[in-house]
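Worksheet: one structure, shown below.
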Amino acid sequence: RESVWIAKRAKLQSVEYDSKLGPITVQRGFWFSSHEQWKYLELPYLSASKINRRVFLNGERARTQHSANERVPGMYASVTDVCPLGSQPPDYISATGIQSIAFQEVTRRDVITPYGAFPTMLADLPMGLAWYHNMLLGTAMQGPLGSTESINVNGTMIAPVVTWDSKITSVAAMVGGVSDIVERGMRKDGTFDRFAFVIDREWSRVFTQLNGEDIPFAPPTSRIPTIGVPIKDFPTCTL
């Protein structure tokens with residue numbers, strides 16, 4: 001079991017995000033898509049290790065500062081692509097995120113999704129909800145089944161589908177995830193202490209100094225355009 005962690009060490013890297021308020025030390029992401037933080041909904045990383053928690057919070061500082069500074073009206077996360085009115089989505093977008101703190105090439109920066117705010121909700125619920133709400137203000141971003149999958153940043157197209165991953169992440173994050181439930185089970189079966197030891201050891205090995213912990217989470221600085229767009233709101237679903 002130790003070899004699993006050793007094999008993963010090459011991918012656990014410290015990198016600086018250069019925000020307008022100064023550098024923020026974060027864990028390098030694959031694309032730095034929000035979905036990469038799904039583990040924090042389920043496993044008790046945040047209570048197991050102070051350094052892991054500090055790195056996680058810095059990641060959300062960088063995520064919010066990036067969207068605010070670049071005037072992106074939402075968050076990036078792998079999601080179903082948008083399409084013109086009356087069409088079906090052409091594909092799934094995987095390579096979306098923040099290039100400067102990613103391992104892989106980011107190829108899409110034109111589509112945002114409400115569930116992209118779920119890690120920020122875990123870090124700071126009011127701020128995460130502010131970003132979530134900002135995306136719901138886009139045309140047709142609320143429907144009979146709740147939040148819409150995704151929208152392009154100029155507000156002209158949505159993804160007219162419903163997926164579990166773009167729904168459950170937001171809802172689970174709003175109530176803090178299930179990591180506390182999982183932690184109780186791990187403590188009961190005697191696995192939590194080992195988990196906490198390994199997480200703290202691995203993150204402490206890499207993150208010896210953290211910059212940017214005094215930088216605030218940033219609120220939205222722009223809105224999705226709604227004037228003159230070719231789509232319309234669902235008539236009974238507006239906020």
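FYI, nothing fancy with the structure tokens labels: chains A, B, ... in order, residues from 1 per chain, ligands from 1 as they appear.
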Out of region 50-163 of chain A, which residues get strand (DSSP E or B) from DSSP, as JSON, numbers by chain? {"A": [79, 80, 83, 92, 93, 96, 102, 108, 111, 112, 142, 143, 146, 147, 151, 152, 158]}
Can you list every residue in region 14-110 of chain A that DSSP puts in helix (DSSP H, G or I), as JSON, numbers by chain? {"A": [34, 35, 36, 37, 39, 40, 41, 42, 45, 46, 47, 48, 50, 51, 52, 53, 54, 55, 56, 57, 58, 59, 60, 61, 62, 63, 64, 65, 66, 67, 68, 69, 99, 100, 101]}
Residue nearest Gly155 (chain A) - candidates A:Arg9, A:Arg223, A:Arg54, A:Lys20, atoms counted: only C-alpha atoms: A:Arg223
9 Å contact set for Ser94 (chain A), only C-alpha atoms, chain neighbours under 3 positions out, as a PDB file with all heavy atoms, in the first residue's frame:
ATOM      1  N   TRP A  31      -5.807  19.783 -15.126  1.00  0.00           N
ATOM      2  CA  TRP A  31      -6.165  21.008 -15.859  1.00  0.00           C
ATOM      3  C   TRP A  31      -6.494  22.147 -14.880  1.00  0.00           C
ATOM      4  O   TRP A  31      -6.769  23.253 -15.299  1.00  0.00           O
ATOM      5  CB  TRP A  31      -7.377  20.783 -16.758  1.00  0.00           C
ATOM      6  CG  TRP A  31      -7.166  19.830 -17.880  1.00  0.00           C
ATOM      7  CD1 TRP A  31      -6.331  19.982 -18.962  1.00  0.00           C
ATOM      8  CD2 TRP A  31      -7.822  18.570 -18.077  1.00  0.00           C
ATOM      9  NE1 TRP A  31      -6.417  18.900 -19.805  1.00  0.00           N
ATOM     10  CE2 TRP A  31      -7.325  18.016 -19.276  1.00  0.00           C
ATOM     11  CE3 TRP A  31      -8.764  17.852 -17.354  1.00  0.00           C
ATOM     12  CZ2 TRP A  31      -7.755  16.778 -19.770  1.00  0.00           C
ATOM     13  CZ3 TRP A  31      -9.184  16.632 -17.836  1.00  0.00           C
ATOM     14  CH2 TRP A  31      -8.682  16.109 -19.029  1.00  0.00           C
ATOM     15  N   SER A  33      -9.246  21.927 -13.285  1.00  0.00           N
ATOM     16  CA  SER A  33     -10.700  21.904 -13.379  1.00  0.00           C
ATOM     17  C   SER A  33     -11.260  21.632 -11.985  1.00  0.00           C
ATOM     18  O   SER A  33     -10.686  20.862 -11.206  1.00  0.00           O
ATOM     19  CB  SER A  33     -11.135  20.800 -14.344  1.00  0.00           C
ATOM     20  OG  SER A  33     -12.471  20.403 -14.105  1.00  0.00           O
ATOM     21  N   ALA A  77     -14.950  23.733 -15.202  1.00  0.00           N
ATOM     22  CA  ALA A  77     -14.933  22.326 -14.788  1.00  0.00           C
ATOM     23  C   ALA A  77     -15.306  21.477 -15.996  1.00  0.00           C
ATOM     24  O   ALA A  77     -16.106  21.903 -16.841  1.00  0.00           O
ATOM     25  CB  ALA A  77     -15.906  22.068 -13.642  1.00  0.00           C
ATOM     26  N   SER A  78     -14.749  20.298 -16.089  1.00  0.00           N
ATOM     27  CA  SER A  78     -15.067  19.389 -17.195  1.00  0.00           C
ATOM     28  C   SER A  78     -16.577  19.147 -17.229  1.00  0.00           C
ATOM     29  O   SER A  78     -17.186  18.810 -16.209  1.00  0.00           O
ATOM     30  CB  SER A  78     -14.319  18.066 -17.007  1.00  0.00           C
ATOM     31  OG  SER A  78     -12.928  18.287 -17.003  1.00  0.00           O
ATOM     32  N   VAL A  79     -17.161  19.298 -18.415  1.00  0.00           N
ATOM     33  CA  VAL A  79     -18.618  19.330 -18.501  1.00  0.00           C
ATOM     34  C   VAL A  79     -19.059  19.104 -19.940  1.00  0.00           C
ATOM     35  O   VAL A  79     -18.265  19.227 -20.880  1.00  0.00           O
ATOM     36  CB  VAL A  79     -19.132  20.701 -17.980  1.00  0.00           C
ATOM     37  CG1 VAL A  79     -18.821  21.824 -18.982  1.00  0.00           C
ATOM     38  CG2 VAL A  79     -20.605  20.674 -17.610  1.00  0.00           C
ATOM     39  N   THR A  80     -20.353  18.829 -20.131  1.00  0.00           N
ATOM     40  CA  THR A  80     -20.920  18.698 -21.470  1.00  0.00           C
ATOM     41  C   THR A  80     -20.841  20.026 -22.214  1.00  0.00           C
ATOM     42  O   THR A  80     -21.124  21.084 -21.655  1.00  0.00           O
ATOM     43  CB  THR A  80     -22.391  18.251 -21.392  1.00  0.00           C
ATOM     44  OG1 THR A  80     -22.492  17.095 -20.553  1.00  0.00           O
ATOM     45  CG2 THR A  80     -22.937  17.921 -22.784  1.00  0.00           C
ATOM     46  N   GLY A  97      -9.742  24.677 -17.569  1.00  0.00           N
ATOM     47  CA  GLY A  97      -9.178  24.976 -16.263  1.00  0.00           C
ATOM     48  C   GLY A  97      -8.296  26.206 -16.321  1.00  0.00           C
ATOM     49  O   GLY A  97      -8.581  27.150 -17.046  1.00  0.00           O
ATOM     50  N   VAL A 106      -4.716  23.262 -21.541  1.00  0.00           N
ATOM     51  CA  VAL A 106      -6.113  23.678 -21.447  1.00  0.00           C
ATOM     52  C   VAL A 106      -6.548  24.198 -22.813  1.00  0.00           C
ATOM     53  O   VAL A 106      -5.963  25.143 -23.334  1.00  0.00           O
ATOM     54  CB  VAL A 106      -6.292  24.766 -20.371  1.00  0.00           C
ATOM     55  CG1 VAL A 106      -7.703  25.343 -20.422  1.00  0.00           C
ATOM     56  CG2 VAL A 106      -5.986  24.207 -18.990  1.00  0.00           C
ATOM     57  N   THR A 107      -7.566  23.574 -23.388  1.00  0.00           N
ATOM     58  CA  THR A 107      -7.976  23.927 -24.743  1.00  0.00           C
ATOM     59  C   THR A 107      -9.288  24.704 -24.803  1.00  0.00           C
ATOM     60  O   THR A 107      -9.615  25.271 -25.835  1.00  0.00           O
ATOM     61  CB  THR A 107      -8.118  22.667 -25.614  1.00  0.00           C
ATOM     62  OG1 THR A 107      -9.123  21.809 -25.048  1.00  0.00           O
ATOM     63  CG2 THR A 107      -6.795  21.913 -25.699  1.00  0.00           C
ATOM     64  N   ARG A 108     -10.045  24.725 -23.699  1.00  0.00           N
ATOM     65  CA  ARG A 108     -11.332  25.435 -23.709  1.00  0.00           C
ATOM     66  C   ARG A 108     -11.420  26.382 -22.508  1.00  0.00           C
ATOM     67  O   ARG A 108     -11.250  25.964 -21.366  1.00  0.00           O
ATOM     68  CB  ARG A 108     -12.496  24.445 -23.688  1.00  0.00           C
ATOM     69  CG  ARG A 108     -12.589  23.572 -24.933  1.00  0.00           C
ATOM     70  CD  ARG A 108     -13.042  24.349 -26.152  1.00  0.00           C
ATOM     71  NE  ARG A 108     -14.380  24.890 -26.028  1.00  0.00           N
ATOM     72  CZ  ARG A 108     -15.496  24.225 -26.352  1.00  0.00           C
ATOM     73  NH1 ARG A 108     -15.413  22.986 -26.822  1.00  0.00           N
ATOM     74  NH2 ARG A 108     -16.678  24.800 -26.225  1.00  0.00           N
TER      75      ARG A 108
END
Residues of region 80-159 of chain A at most 8 Å from region 171-180 of chain A: nearest atom pair and distance in Å, only C-alpha atoms, as CSV:
residue,atom,partner,partner_atom,distance
A:Phe118,CA,A:Ala173,CA,5.5
A:Pro119,CA,A:Ala173,CA,7.2
A:Met121,CA,A:Ala173,CA,6.0
A:Leu122,CA,A:Ala173,CA,5.8
A:Leu125,CA,A:Met174,CA,7.0
Proximity to Thr96 (chain A) - best of A:Asp124, A:Glu36, A:Asp189, A:Glu149, only C-alpha atoms: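 Among the listed residues, A:Glu36 lies closest to Thr96 (chain A).
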Env of Pro23 (chain A): 6 Å cut, atoms = only C-alpha atoms, seq-sep filter 6 positions within chain, self excluded. Answer as a ChimeraX atom specification. /A:16-17,212
Could you check which of A:Val153, A:Met186, A:Val55, A:Leu137 is closest to Val72 (chain A), using only C-alpha atoms?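 That would be A:Val153, the residue with the smallest distance to Val72 (chain A).
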So which residues touch Asp193 (chain A) within 12 Å, counting only C-alpha atoms, skipping near sequence neighbours fewer than 5 positions away, as an MDAnalysis selection string? chainID A and resid 44:45 47:49 183:188 198:200
